[in-house]
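A.B. asks: First the structure, then my questions, so here it is.
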Amino acid sequence: MVGLEAIIGLKVTDSYLGFTMKGLVFKPFTNADAVTQTPVDETLFIQLPVRKRENFGDWLNVVWDQDVAV
């Protein structure tokens, strides 16, 4: 538990799902937590298994071929 509540925007189209971080609300569990707020370095919205493709983009964690990109 990290004491943060994420406000996430979701855009659904026929071609893709889009996630947007709208904000973070700090919600400490105890008085000690109120002083130890730390920055968020990374957020995981969804984790799906993806079939191997011809190309892999290491920096952005994307895979693609001539037919599809994820």
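Residue numbering restarts at 1 in every chain; chains get A, B, ... in the order shown in the structure tokens, and ligands count up from 1 in that same order.
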If we count only C-alpha atoms and set the cut-off at 10 Å, which residues sit around A:Asn61, ignoring sequence neighbours fewer than 4 positions away in its own chain? Please answer as a list in words.

C.D. replies: Phe56, Gly57 and Val70 of chain A

A.B. asks: Write out as a list of chain:residue names which residues come within 12 Å of A:Leu44 when counting only C-alpha atoms, dropping same-chain ones fewer than 3 positions away.

C.D. replies: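 Result of the neighbour search: A:Ala6, A:Ile8, A:Phe19, A:Thr20, A:Met21, A:Val40, A:Asp41, A:Gln47, A:Leu48.
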
A.B. asks: So what do you get for atom CA of A:Ile7 versus atom CA of A:Ala69, distance-wise?

C.D. replies: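 Value for the atom CA of A:Ile7-atom CA of A:Ala69 distance: 26.8 Å.
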